>>> print(open('coords22.pdb').read())   # PDB, C-alpha atoms and all ligand atoms
ATOM      1  CA  MET F 160       0.000   0.000   0.000
ATOM      2  CA  GLU F 161       1.389   3.407  -0.998
ATOM      3  CA  ALA F 162       1.350   5.892   1.887
ATOM      4  CA  GLN F 163      -0.196   8.644  -0.258
ATOM      5  CA  ASN F 164      -3.105   6.709  -1.701
ATOM      6  CA  TYR F 165      -4.035   3.827   0.565
ATOM      7  CA  LEU F 166      -7.284   5.555   1.589
ATOM      8  CA  ASP F 167      -8.430   5.507  -2.056
ATOM      9  CA  ILE F 168      -8.696   1.703  -2.046
ATOM     10  CA  LYS F 169     -12.260   0.665  -2.781
ATOM     11  CA  GLY F 170     -14.253  -2.106  -1.137
ATOM     12  CA  ARG F 171     -17.790  -3.391  -0.844
ATOM     13  CA  VAL F 172     -19.487  -2.424   2.402
ATOM     14  CA  LEU F 173     -22.753  -3.902   3.668
ATOM     15  CA  ASN F 174     -23.376  -1.565   6.564
ATOM     16  CA  ILE F 175     -21.676   0.732   9.072
ATOM     17  CA  GLN F 176     -23.146   0.481  12.551
ATOM     18  CA  ARG F 177     -22.323   3.041  15.227
ATOM     19  CA  TYR F 178     -22.596   2.648  19.037
ATOM     20  CA  CYS F 179     -22.004  -1.132  19.074
ATOM     21  CA  GLY F 180     -21.383  -2.701  22.463
ATOM     22  CA  GLU F 181     -20.567  -6.286  21.494
ATOM     23  CA  ASP F 182     -17.841  -6.340  18.872
ATOM     24  CA  GLY F 183     -14.862  -5.668  21.117
ATOM     25  CA  PRO F 184     -14.016  -3.471  24.136
ATOM     26  CA  GLY F 185     -15.898  -0.226  24.829
ATOM     27  CA  THR F 186     -18.370   1.359  22.446
ATOM     28  CA  ARG F 187     -17.441   0.815  18.815
ATOM     29  CA  THR F 188     -18.266   1.410  15.203
ATOM     30  CA  THR F 189     -18.599  -1.879  13.335
ATOM     31  CA  VAL F 190     -18.088  -1.970   9.592
ATOM     32  CA  PHE F 191     -19.721  -4.986   7.955
ATOM     33  CA  LEU F 192     -18.234  -5.977   4.598
ATOM     34  CA  LYS F 193     -19.752  -7.995   1.749
ATOM     35  CA  GLY F 194     -18.561 -11.484   0.817
ATOM     36  CA  CYS F 195     -17.994 -14.653   2.832
ATOM     37  CA  SER F 196     -16.114 -17.921   2.290
ATOM     38  CA  TYR F 197     -18.277 -19.914   4.750
ATOM     39  CA  ARG F 198     -21.880 -20.991   4.188
ATOM     40  CA  CYS F 199     -23.130 -21.580   7.756
ATOM     41  CA  LYS F 200     -26.683 -22.919   7.762
ATOM     42  CA  TRP F 201     -27.501 -20.678  10.768
ATOM     43  CA  CYS F 202     -26.147 -17.472   9.208
ATOM     44  CA  SER F 203     -27.955 -14.441  10.634
ATOM     45  CA  ASN F 204     -26.468 -12.099   8.020
ATOM     46  CA  PRO F 205     -27.300 -13.857   4.725
ATOM     47  CA  GLU F 206     -27.151 -10.494   2.962
ATOM     48  CA  SER F 207     -23.412 -10.411   3.631
ATOM     49  CA  ILE F 208     -22.559 -13.631   1.762
ATOM     50  CA  LYS F 209     -22.424 -12.464  -1.866
ATOM     51  CA  PRO F 210     -19.387 -10.275  -2.619
ATOM     52  CA  GLN F 211     -21.377  -7.877  -4.829
ATOM     53  CA  PRO F 212     -24.222  -5.557  -3.820
ATOM     54  CA  GLU F 213     -27.562  -7.368  -4.255
ATOM     55  CA  LEU F 214     -31.308  -6.830  -4.275
ATOM     56  CA  ASP F 215     -33.141  -6.201  -1.010
ATOM     57  CA  PHE F 216     -36.867  -6.556  -1.773
ATOM     58  CA  ASN F 217     -39.492  -5.934   0.916
ATOM     59  CA  ARG F 218     -42.807  -6.696  -0.794
ATOM     60  CA  LYS F 219     -44.839  -5.396   2.152
ATOM     61  CA  ALA F 220     -43.548  -1.872   1.517
ATOM     62  CA  CYS F 221     -44.705  -1.832  -2.123
ATOM     63  CA  LYS F 222     -47.254   0.899  -2.884
ATOM     64  CA  GLY F 223     -48.999  -1.217  -5.523
ATOM     65  CA  ALA F 224     -48.871  -1.425  -9.303
ATOM     66  CA  ALA F 225     -51.874   0.866  -9.870
ATOM     67  CA  ALA F 226     -50.622   3.611  -7.546
ATOM     68  CA  CYS F 227     -46.994   3.328  -8.692
ATOM     69  CA  GLY F 228     -45.869   0.555 -11.071
ATOM     70  CA  ILE F 229     -42.468   2.187 -11.693
ATOM     71  CA  CYS F 230     -40.567  -1.100 -11.504
ATOM     72  CA  LEU F 231     -42.815  -2.699 -14.151
ATOM     73  CA  LYS F 232     -41.425  -0.409 -16.843
ATOM     74  CA  ASP F 233     -38.186   0.628 -18.449
ATOM     75  CA  PRO F 234     -35.402   1.176 -17.212
ATOM     76  CA  PHE F 235     -36.091  -1.864 -14.949
ATOM     77  CA  PRO F 236     -35.231  -5.188 -16.626
ATOM     78  CA  GLN F 237     -38.362  -6.524 -18.347
ATOM     79  CA  GLY F 238     -40.144  -9.106 -16.158
ATOM     80  CA  ALA F 239     -37.954  -8.461 -13.091
ATOM     81  CA  PHE F 240     -41.086  -7.376 -11.170
ATOM     82  CA  TYR F 241     -44.623  -8.459 -11.974
ATOM     83  CA  VAL F 242     -48.169  -8.641 -10.608
ATOM     84  CA  LEU F 243     -50.240 -11.798 -10.405
ATOM     85  CA  ASP F 244     -53.853 -11.856 -11.613
ATOM     86  CA  GLY F 245     -56.245 -12.263  -8.710
ATOM     87  CA  ASP F 246     -53.532 -11.428  -6.164
ATOM     88  CA  ASP F 247     -53.234  -8.140  -4.258
ATOM     89  CA  ASP F 248     -51.815  -5.227  -6.238
ATOM     90  CA  LYS F 249     -48.279  -5.375  -4.797
ATOM     91  CA  VAL F 250     -45.503  -6.526  -7.140
ATOM     92  CA  HIS F 251     -43.557  -9.798  -6.891
ATOM     93  CA  ALA F 252     -39.882 -10.224  -7.764
ATOM     94  CA  ASN F 253     -38.558 -12.658 -10.353
ATOM     95  CA  TRP F 254     -35.294 -13.123  -8.471
ATOM     96  CA  ASP F 255     -33.266 -14.338 -11.463
ATOM     97  CA  LEU F 256     -33.969 -11.102 -13.318
ATOM     98  CA  ALA F 257     -34.435  -8.712 -10.407
ATOM     99  CA  ASN F 258     -31.008  -9.493  -9.001
ATOM    100  CA  SER F 259     -29.475  -7.505 -11.846
ATOM    101  CA  CYS F 260     -30.925  -4.334 -10.240
ATOM    102  CA  THR F 261     -28.459  -1.563  -9.498
ATOM    103  CA  GLU F 262     -28.365   1.102  -6.811
ATOM    104  CA  GLU F 263     -29.530   3.681  -9.398
ATOM    105  CA  LEU F 264     -32.607   1.583 -10.234
ATOM    106  CA  ALA F 265     -33.398   0.885  -6.589
ATOM    107  CA  GLU F 266     -33.457   4.628  -5.931
ATOM    108  CA  LEU F 267     -36.394   4.963  -8.346
ATOM    109  CA  CYS F 268     -38.675   2.969  -6.007
ATOM    110  CA  PRO F 269     -40.475   5.646  -3.963
ATOM    111  CA  THR F 270     -41.149   3.515  -0.876
ATOM    112  CA  GLY F 271     -37.841   1.699  -0.442
ATOM    113  CA  ALA F 272     -39.525  -1.656  -1.191
ATOM    114  CA  ILE F 273     -36.701  -2.139  -3.682
ATOM    115  CA  GLY F 274     -33.328  -1.523  -2.104
ATOM    116  CA  MET F 275     -29.787  -2.837  -2.217
ATOM    117  CA  PHE F 276     -27.726  -4.714   0.314
ATOM    118  CA  GLY F 277     -24.219  -3.284   0.053
ATOM    119  CA  LYS F 278     -22.387  -0.512  -1.789
ATOM    120  CA  GLU F 279     -18.904   0.401  -2.935
ATOM    121  CA  MET F 280     -16.928   2.850  -0.784
ATOM    122  CA  THR F 281     -13.316   3.966  -0.448
ATOM    123  CA  ALA F 282     -11.364   3.263   2.733
ATOM    124  CA  GLY F 283     -11.221   7.042   3.240
ATOM    125  CA  GLU F 284     -15.017   7.325   3.124
ATOM    126  CA  VAL F 285     -15.373   4.557   5.695
ATOM    127  CA  LEU F 286     -12.723   6.119   7.910
ATOM    128  CA  LYS F 287     -14.528   9.467   7.796
ATOM    129  CA  GLU F 288     -17.630   7.738   9.230
ATOM    130  CA  VAL F 289     -15.543   5.970  11.866
ATOM    131  CA  LEU F 290     -13.819   9.174  12.980
ATOM    132  CA  LYS F 291     -17.165  10.830  13.750
ATOM    133  CA  ASP F 292     -17.127   9.027  17.108
ATOM    134  CA  GLU F 293     -13.471   9.511  17.968
ATOM    135  CA  SER F 294     -14.177  11.110  21.358
ATOM    136  CA  MET F 295     -16.621   8.320  22.274
ATOM    137  CA  TYR F 296     -13.887   5.708  21.646
ATOM    138  CA  ARG F 297     -11.537   7.575  23.963
ATOM    139  CA  ASN F 298     -14.189   7.893  26.671
ATOM    140  CA  THR F 299     -15.254   4.218  26.565
ATOM    141  CA  GLY F 300     -12.052   2.450  25.516
ATOM    142  CA  GLY F 301     -13.767   1.526  22.240
ATOM    143  CA  GLY F 302     -12.709   1.718  18.615
ATOM    144  CA  VAL F 303     -13.465   0.299  15.207
ATOM    145  CA  THR F 304     -14.262  -3.321  14.318
ATOM    146  CA  ILE F 305     -14.295  -4.676  10.779
ATOM    147  CA  SER F 306     -16.661  -7.609  10.406
ATOM    148  CA  GLY F 307     -18.505  -9.385   7.623
ATOM    149  CA  GLY F 308     -19.220 -11.526   5.839
ATOM    150  CA  GLU F 309     -15.521 -12.257   5.921
ATOM    151  CA  CYS F 310     -13.552  -9.026   6.162
ATOM    152  CA  LEU F 311     -10.283 -10.774   5.229
ATOM    153  CA  LEU F 312     -11.615 -11.468   1.730
ATOM    154  CA  GLN F 313     -10.957  -7.759   1.066
ATOM    155  CA  PRO F 314      -7.516  -7.587   2.692
ATOM    156  CA  ASP F 315      -6.215  -4.347   1.147
ATOM    157  CA  PHE F 316      -9.421  -2.481   1.902
ATOM    158  CA  THR F 317      -9.661  -3.796   5.480
ATOM    159  CA  ALA F 318      -5.966  -3.085   6.120
ATOM    160  CA  ALA F 319      -6.365   0.455   4.764
ATOM    161  CA  ILE F 320      -9.277   1.301   7.091
ATOM    162  CA  LEU F 321      -7.463  -0.154  10.102
ATOM    163  CA  ARG F 322      -4.207   1.561   9.238
ATOM    164  CA  GLY F 323      -6.030   4.893   9.038
ATOM    165  CA  ALA F 324      -7.711   4.209  12.383
ATOM    166  CA  GLN F 325      -4.433   3.269  14.078
ATOM    167  CA  GLU F 326      -2.757   6.391  12.723
ATOM    168  CA  SER F 327      -5.545   8.350  14.467
ATOM    169  CA  GLY F 328      -4.879   6.468  17.708
ATOM    170  CA  ILE F 329      -8.061   4.370  17.535
ATOM    171  CA  HIS F 330      -8.232   0.761  18.815
ATOM    172  CA  THR F 331      -8.729  -1.700  15.948
ATOM    173  CA  ALA F 332     -10.426  -5.101  15.874
ATOM    174  CA  ILE F 333     -11.560  -7.619  13.296
ATOM    175  CA  GLU F 334     -14.075 -10.471  13.346
ATOM    176  CA  THR F 335     -13.089 -13.360  11.084
ATOM    177  CA  ALA F 336     -13.614 -17.049  10.460
ATOM    178  CA  GLY F 337     -10.106 -17.215   9.016
ATOM    179  CA  ASN F 338     -10.873 -19.186   5.847
ATOM    180  CA  VAL F 339      -8.659 -17.140   3.523
ATOM    181  CA  PRO F 340      -5.113 -17.445   2.121
ATOM    182  CA  TRP F 341      -2.596 -16.771   4.928
ATOM    183  CA  GLU F 342      -1.186 -13.773   3.016
ATOM    184  CA  PHE F 343      -4.563 -12.019   3.385
ATOM    185  CA  MET F 344      -4.598 -12.471   7.153
ATOM    186  CA  GLU F 345      -0.951 -11.464   7.493
ATOM    187  CA  LYS F 346      -1.534  -8.255   5.522
ATOM    188  CA  VAL F 347      -4.384  -7.177   7.836
ATOM    189  CA  LEU F 348      -2.962  -8.284  11.190
ATOM    190  CA  LYS F 349      -0.217  -5.647  10.934
ATOM    191  CA  TYR F 350      -2.927  -3.102  11.769
ATOM    192  CA  VAL F 351      -4.982  -5.083  14.289
ATOM    193  CA  ASP F 352      -5.042  -4.783  18.088
ATOM    194  CA  LEU F 353      -7.655  -7.502  18.654
ATOM    195  CA  MET F 354      -8.692 -10.417  16.424
ATOM    196  CA  GLN F 355     -11.956 -12.145  17.311
ATOM    197  CA  HIS F 356     -12.135 -15.454  15.465
ATOM    198  CA  ASP F 357     -14.827 -18.072  15.098
ATOM    199  CA  ASN F 358     -14.275 -21.662  16.139
ATOM    200  CA  LYS F 359     -17.659 -22.841  14.931
ATOM    201  CA  LEU F 360     -17.134 -26.593  14.853
ATOM    202  CA  MET F 361     -13.936 -28.278  16.057
ATOM    203  CA  ASN F 362     -15.211 -31.746  15.155
ATOM    204  CA  PRO F 363     -12.313 -33.620  13.533
ATOM    205  CA  ASP F 364     -14.655 -35.115  10.916
ATOM    206  CA  PRO F 365     -14.212 -32.769   7.910
ATOM    207  CA  GLU F 366     -17.496 -33.946   6.403
ATOM    208  CA  ARG F 367     -19.416 -32.686   9.448
ATOM    209  CA  HIS F 368     -17.888 -29.225   9.126
ATOM    210  CA  LYS F 369     -18.689 -29.294   5.401
ATOM    211  CA  LYS F 370     -22.284 -30.312   6.083
ATOM    212  CA  TRP F 371     -23.003 -27.343   8.343
ATOM    213  CA  ILE F 372     -20.560 -24.746   7.035
ATOM    214  CA  GLY F 373     -19.906 -25.678   3.410
ATOM    215  CA  VAL F 374     -16.118 -26.198   3.668
ATOM    216  CA  THR F 375     -13.697 -27.902   6.090
ATOM    217  CA  ASN F 376     -12.022 -25.908   8.895
ATOM    218  CA  LYS F 377      -8.468 -27.012   7.977
ATOM    219  CA  ARG F 378      -7.298 -23.679   6.568
ATOM    220  CA  SER F 379      -8.973 -21.635   9.337
ATOM    221  CA  LEU F 380      -7.263 -23.597  12.109
ATOM    222  CA  GLU F 381      -3.863 -23.477  10.387
ATOM    223  CA  ASN F 382      -4.230 -19.710   9.983
ATOM    224  CA  PHE F 383      -5.237 -19.169  13.635
ATOM    225  CA  LYS F 384      -2.159 -21.037  14.911
ATOM    226  CA  LYS F 385       0.117 -19.172  12.533
ATOM    227  CA  ALA F 386      -1.471 -15.865  13.602
ATOM    228  CA  TYR F 387      -0.946 -16.569  17.348
ATOM    229  CA  GLU F 388       2.704 -17.387  16.670
ATOM    230  CA  THR F 389       3.497 -14.670  14.116
ATOM    231  CA  PHE F 390       1.766 -11.790  15.917
ATOM    232  CA  PRO F 391       2.505 -12.173  19.648
ATOM    233  CA  ASP F 392       1.412  -8.584  20.379
ATOM    234  CA  VAL F 393      -2.051  -8.996  18.878
ATOM    235  CA  GLU F 394      -4.762 -10.134  21.296
ATOM    236  CA  PHE F 395      -7.078 -12.933  20.213
ATOM    237  CA  ILE F 396     -10.541 -13.966  21.382
ATOM    238  CA  ALA F 397     -12.063 -17.247  20.176
ATOM    239  CA  ARG F 398     -15.827 -17.346  19.743
ATOM    240  CA  THR F 399     -18.424 -20.024  19.074
ATOM    241  CA  PRO F 400     -21.991 -19.438  17.898
ATOM    242  CA  LEU F 401     -23.649 -21.957  20.200
ATOM    243  CA  ILE F 402     -26.301 -24.149  18.552
ATOM    244  CA  PRO F 403     -27.921 -27.005  20.496
ATOM    245  CA  GLY F 404     -27.764 -30.219  18.461
ATOM    246  CA  ILE F 405     -24.720 -29.022  16.495
ATOM    247  CA  ASN F 406     -21.953 -27.739  18.775
ATOM    248  CA  ALA F 407     -23.466 -26.806  22.176
ATOM    249  CA  ASP F 408     -21.859 -29.549  24.221
ATOM    250  CA  GLU F 409     -19.056 -29.855  26.726
ATOM    251  CA  GLY F 410     -16.887 -31.927  24.349
ATOM    252  CA  HIS F 411     -16.902 -29.166  21.767
ATOM    253  CA  ILE F 412     -16.110 -26.409  24.261
ATOM    254  CA  ARG F 413     -13.206 -28.420  25.666
ATOM    255  CA  ALA F 414     -11.880 -29.097  22.156
ATOM    256  CA  VAL F 415     -11.771 -25.335  21.473
ATOM    257  CA  LEU F 416     -10.071 -24.740  24.832
ATOM    258  CA  ASP F 417      -7.448 -27.412  24.006
ATOM    259  CA  PHE F 418      -6.760 -25.578  20.772
ATOM    260  CA  ILE F 419      -6.382 -22.059  22.215
ATOM    261  CA  LYS F 420      -5.034 -22.518  25.736
ATOM    262  CA  PRO F 421      -1.366 -23.124  24.794
ATOM    263  CA  TYR F 422      -1.235 -19.546  23.466
ATOM    264  CA  LYS F 423      -0.926 -16.715  25.969
ATOM    265  CA  ASN F 424      -2.157 -14.086  23.509
ATOM    266  CA  VAL F 425      -5.562 -15.800  23.268
ATOM    267  CA  ILE F 426      -7.125 -13.834  26.074
ATOM    268  CA  ASP F 427     -10.671 -15.197  26.105
ATOM    269  CA  TYR F 428     -13.236 -17.553  24.643
ATOM    270  CA  GLU F 429     -16.809 -16.278  24.178
ATOM    271  CA  LEU F 430     -20.026 -18.162  23.505
ATOM    272  CA  LEU F 431     -22.620 -16.505  21.275
ATOM    273  CA  PRO F 432     -26.029 -18.121  21.860
ATOM    274  CA  TYR F 433     -27.830 -19.078  18.644
ATOM    275  CA  HIS F 434     -30.676 -16.716  17.697
ATOM    276  CA  ARG F 435     -33.039 -16.337  14.776
ATOM    277  CA  TYR F 436     -32.994 -12.552  14.374
ATOM    278  CA  GLY F 437     -31.789 -12.836  10.782
ATOM    279  CA  LEU F 438     -34.646 -15.051   9.665
ATOM    280  CA  GLY F 439     -36.721 -12.248   8.082
ATOM    281  CA  LYS F 440     -33.816 -11.242   5.844
ATOM    282  CA  TYR F 441     -33.953 -14.572   3.996
ATOM    283  CA  ALA F 442     -37.320 -13.551   2.488
ATOM    284  CA  TYR F 443     -35.916 -10.147   1.413
ATOM    285  CA  LEU F 444     -33.244 -12.071  -0.518
ATOM    286  CA  GLY F 445     -35.596 -14.697  -1.985
ATOM    287  CA  LYS F 446     -33.869 -17.428   0.086
ATOM    288  CA  VAL F 447     -35.099 -20.195   2.399
ATOM    289  CA  TYR F 448     -33.905 -20.569   6.022
ATOM    290  CA  GLU F 449     -33.059 -24.233   6.658
ATOM    291  CA  LEU F 450     -32.771 -24.304  10.472
ATOM    292  CA  GLN F 451     -36.453 -23.730  11.232
ATOM    293  CA  ASP F 452     -36.500 -26.352  14.007
ATOM    294  CA  TYR F 453     -33.413 -25.260  15.964
ATOM    295  CA  GLN F 454     -33.702 -23.365  19.256
ATOM    296  CA  SER F 455     -31.469 -21.136  21.392
ATOM    297  CA  PRO F 456     -29.482 -22.862  24.179
ATOM    298  CA  SER F 457     -31.195 -22.893  27.575
ATOM    299  CA  PRO F 458     -29.822 -20.490  30.259
ATOM    300  CA  GLU F 459     -28.714 -23.548  32.290
ATOM    301  CA  LEU F 460     -26.703 -25.018  29.420
ATOM    302  CA  LEU F 461     -25.150 -21.650  28.666
ATOM    303  CA  GLU F 462     -24.183 -21.125  32.294
ATOM    304  CA  HIS F 463     -22.663 -24.612  32.494
ATOM    305  CA  LEU F 464     -20.582 -24.177  29.335
ATOM    306  CA  ARG F 465     -19.481 -20.686  30.373
ATOM    307  CA  SER F 466     -18.375 -22.009  33.750
ATOM    308  CA  ILE F 467     -16.026 -24.456  31.969
ATOM    309  CA  ILE F 468     -14.465 -21.544  30.117
ATOM    310  CA  ASP F 469     -14.223 -19.406  33.273
ATOM    311  CA  GLU F 470     -12.425 -22.233  35.003
ATOM    312  CA  ALA F 471     -10.004 -22.692  32.101
ATOM    313  CA  PHE F 472      -9.161 -18.964  32.235
ATOM    314  CA  GLY F 473      -8.830 -19.024  36.039
ATOM    315  CA  ARG F 474     -11.675 -16.576  36.566
ATOM    316  CA  LYS F 475     -13.422 -18.537  39.310
ATOM    317  CA  ALA F 476     -10.224 -18.867  41.249
ATOM    318  CA  GLU F 477      -9.694 -15.100  40.937
ATOM    319  CA  ALA F 478     -13.220 -14.357  42.156
ATOM    320  CA  LYS F 479     -12.740 -16.533  45.258
ATOM    321  CA  ALA F 480      -9.338 -15.113  46.107
TER     322      ALA F 480
HETATM  323  S1  LIG F 501     -41.373   0.827  -7.614
HETATM  324 FE1  LIG F 501     -41.507   0.125  -5.474
HETATM  325  S2  LIG F 501     -43.466   0.902  -4.714
HETATM  326 FE2  LIG F 501     -43.521   1.104  -6.972
HETATM  327  S3  LIG F 501     -44.554  -0.778  -7.658
HETATM  328 FE3  LIG F 501     -42.368  -1.186  -7.695
HETATM  329  S4  LIG F 501     -41.862  -2.078  -5.655
HETATM  330 FE4  LIG F 501     -43.891  -1.138  -5.550
END
>>> encode(input="coords22.pdb", output="structure tokens")
Amino acid sequence: MEAQNYLDIKGRVLNIQRYCGEDGPGTRTTVFLKGCSYRCKWCSNPESIKPQPELDFNRKACKGAAACGICLKDPFPQGAFYVLDGDDDKVHANWDLANSCTEELAELCPTGAIGMFGKEMTAGEVLKEVLKDESMYRNTGGGVTISGGECLLQPDFTAAILRGAQESGIHTAIETAGNVPWEFMEKVLKYVDLMQHDNKLMNPDPERHKKWIGVTNKRSLENFKKAYETFPDVEFIARTPLIPGINADEGHIRAVLDFIKPYKNVIDYELLPYHRYGLGKYAYLGKVYELQDYQSPSPELLEHLRSIIDEAFGRKAEAKA
């Protein structure tokens, strides 16, 4: 990256969320990027998976073909939106055609029923948003977190934002599943204070990981170990989205602890209870959610599994002392 132009690097951003309390220490701004190399069946951000911006269609918000009908005509692709005889007057999307919609077309819809998930921005534009809350970061010990999707799939863009933040004295964090070429991770970690990484399924059977996540975890685990060893000054936190029936058991938690505990720079292990908040977004993307029958872990199970982690990190002993 050239010093004079690194902030001109462009990337695809899904969303920038201010005042976040869960993506690292203090109050933070979290930048969600487009594109992911995992396909977790429980994904709560399905709109982050595709690398390109894509259609966000909320049929309920449609004004109706008679009152509006803008998307039924040129310049919209012919047949991308249509009405059904005998149905209500709101339009339907033909997803194969409607997915070619652009931001310019989406802006023509007066109600926002047609929108886009994601847009292109420069690192400088993102940084400008991040810097709006500079004093809040200093007051709360917060900073910026780059998440996804998989933020390491856009390594130059992610590194540029984090470099800019560090040069302004802001704490930097990333959230990653680590399934990228090592060079991508290495490029970004130079500008990272805290890396939060997912250990979704430690099961040694690669087919099981593939079944739930789409690929094996071989590359992710190799990258995590290499990262702990190559960047001793970076802090790491392992995290598991906890899903009863898939990975919410003592054996799995202990397997993650066995993996991380030899490394002193892995400072914690967090459990993220499974939720279904993202379910509605599947309809806006014309997709089907496959985990209809799965439930969040019970408070008792969560407490039990968290107590194993507390013990491994010596927190109980500290509390008693
Ligand atoms: S442009 Fe928007 S509001 Fe108008 S008919 Fe199409 S979806 Fe409905």
>>> residues_near_ligand(input="coords22.pdb", ligand="ligand LIG 501 (chain F)", cutoff="7 Å", atoms="only C-alpha atoms and all ligand atoms", output="list in words")
Arg218, Ala220, Cys221, Lys222, Gly223, Ala224, Cys227, Gly228, Ile229, Cys230, Leu231, Lys249, Val250, Leu267, Cys268, Pro269, Thr270, Gly271, Ala272 and Ile273 of chain F
>>> resolve_selection(input="coords22.pdb", expression="the PyMOL selection byres (((chain F and resi 178) around 10) and not hetatm)", output="PyMOL selection string")
chain F and resi 176-177+179-181+185-189+292+295-296+301-302
>>> atom_distance(input="coords22.pdb", atom1="CA of Leu438 in chain F", atom2="CA of Met280 in chain F")
27.3 Å
>>> resolve_selection(input="coords22.pdb", expression="the PyMOL selection byres (((chain F and resi 318) around 8) and not hetatm)", output="list of chain:residue names")
F:Pro314, F:Asp315, F:Phe316, F:Thr317, F:Ala319, F:Ile320, F:Leu321, F:Arg322, F:Lys346, F:Val347, F:Leu348, F:Lys349, F:Tyr350
>>> axis_aligned_box(input="coords22.pdb", around="range 360-370 of chain F", padding_each_side="4 Å", output="AutoDock Vina command-line options")
--center_x -17.3 --center_y -30.9 --center_z 10.7 --size_x 18.0 --size_y 16.5 --size_z 18.7
>>> residues_around(input="coords22.pdb", residues="Trp371 in chain F", least_positions_apart="2", cutoff="10 Å", atoms="all atoms listed in the file", output="compact mmCIF listing (two decimals) with C-alpha atoms, keeping the file's coordinate frame")
# COMPACT_ATOMS: atom_id res chain seq x y z
CA TYR F 197 -18.28 -19.91 4.75
CA ARG F 198 -21.88 -20.99 4.19
CA CYS F 199 -23.13 -21.58 7.76
CA LYS F 200 -26.68 -22.92 7.76
CA TRP F 201 -27.50 -20.68 10.77
CA LYS F 359 -17.66 -22.84 14.93
CA LEU F 360 -17.13 -26.59 14.85
CA GLU F 366 -17.50 -33.95 6.40
CA ARG F 367 -19.42 -32.69 9.45
CA HIS F 368 -17.89 -29.22 9.13
CA LYS F 369 -18.69 -29.29 5.40
CA GLY F 373 -19.91 -25.68 3.41
CA VAL F 374 -16.12 -26.20 3.67
CA THR F 375 -13.70 -27.90 6.09
CA ILE F 405 -24.72 -29.02 16.50
>>> atom_distance(input="coords22.pdb", atom1="CA of Asp167 in chain F", atom2="CA of Gly337 in chain F")
25.3 Å
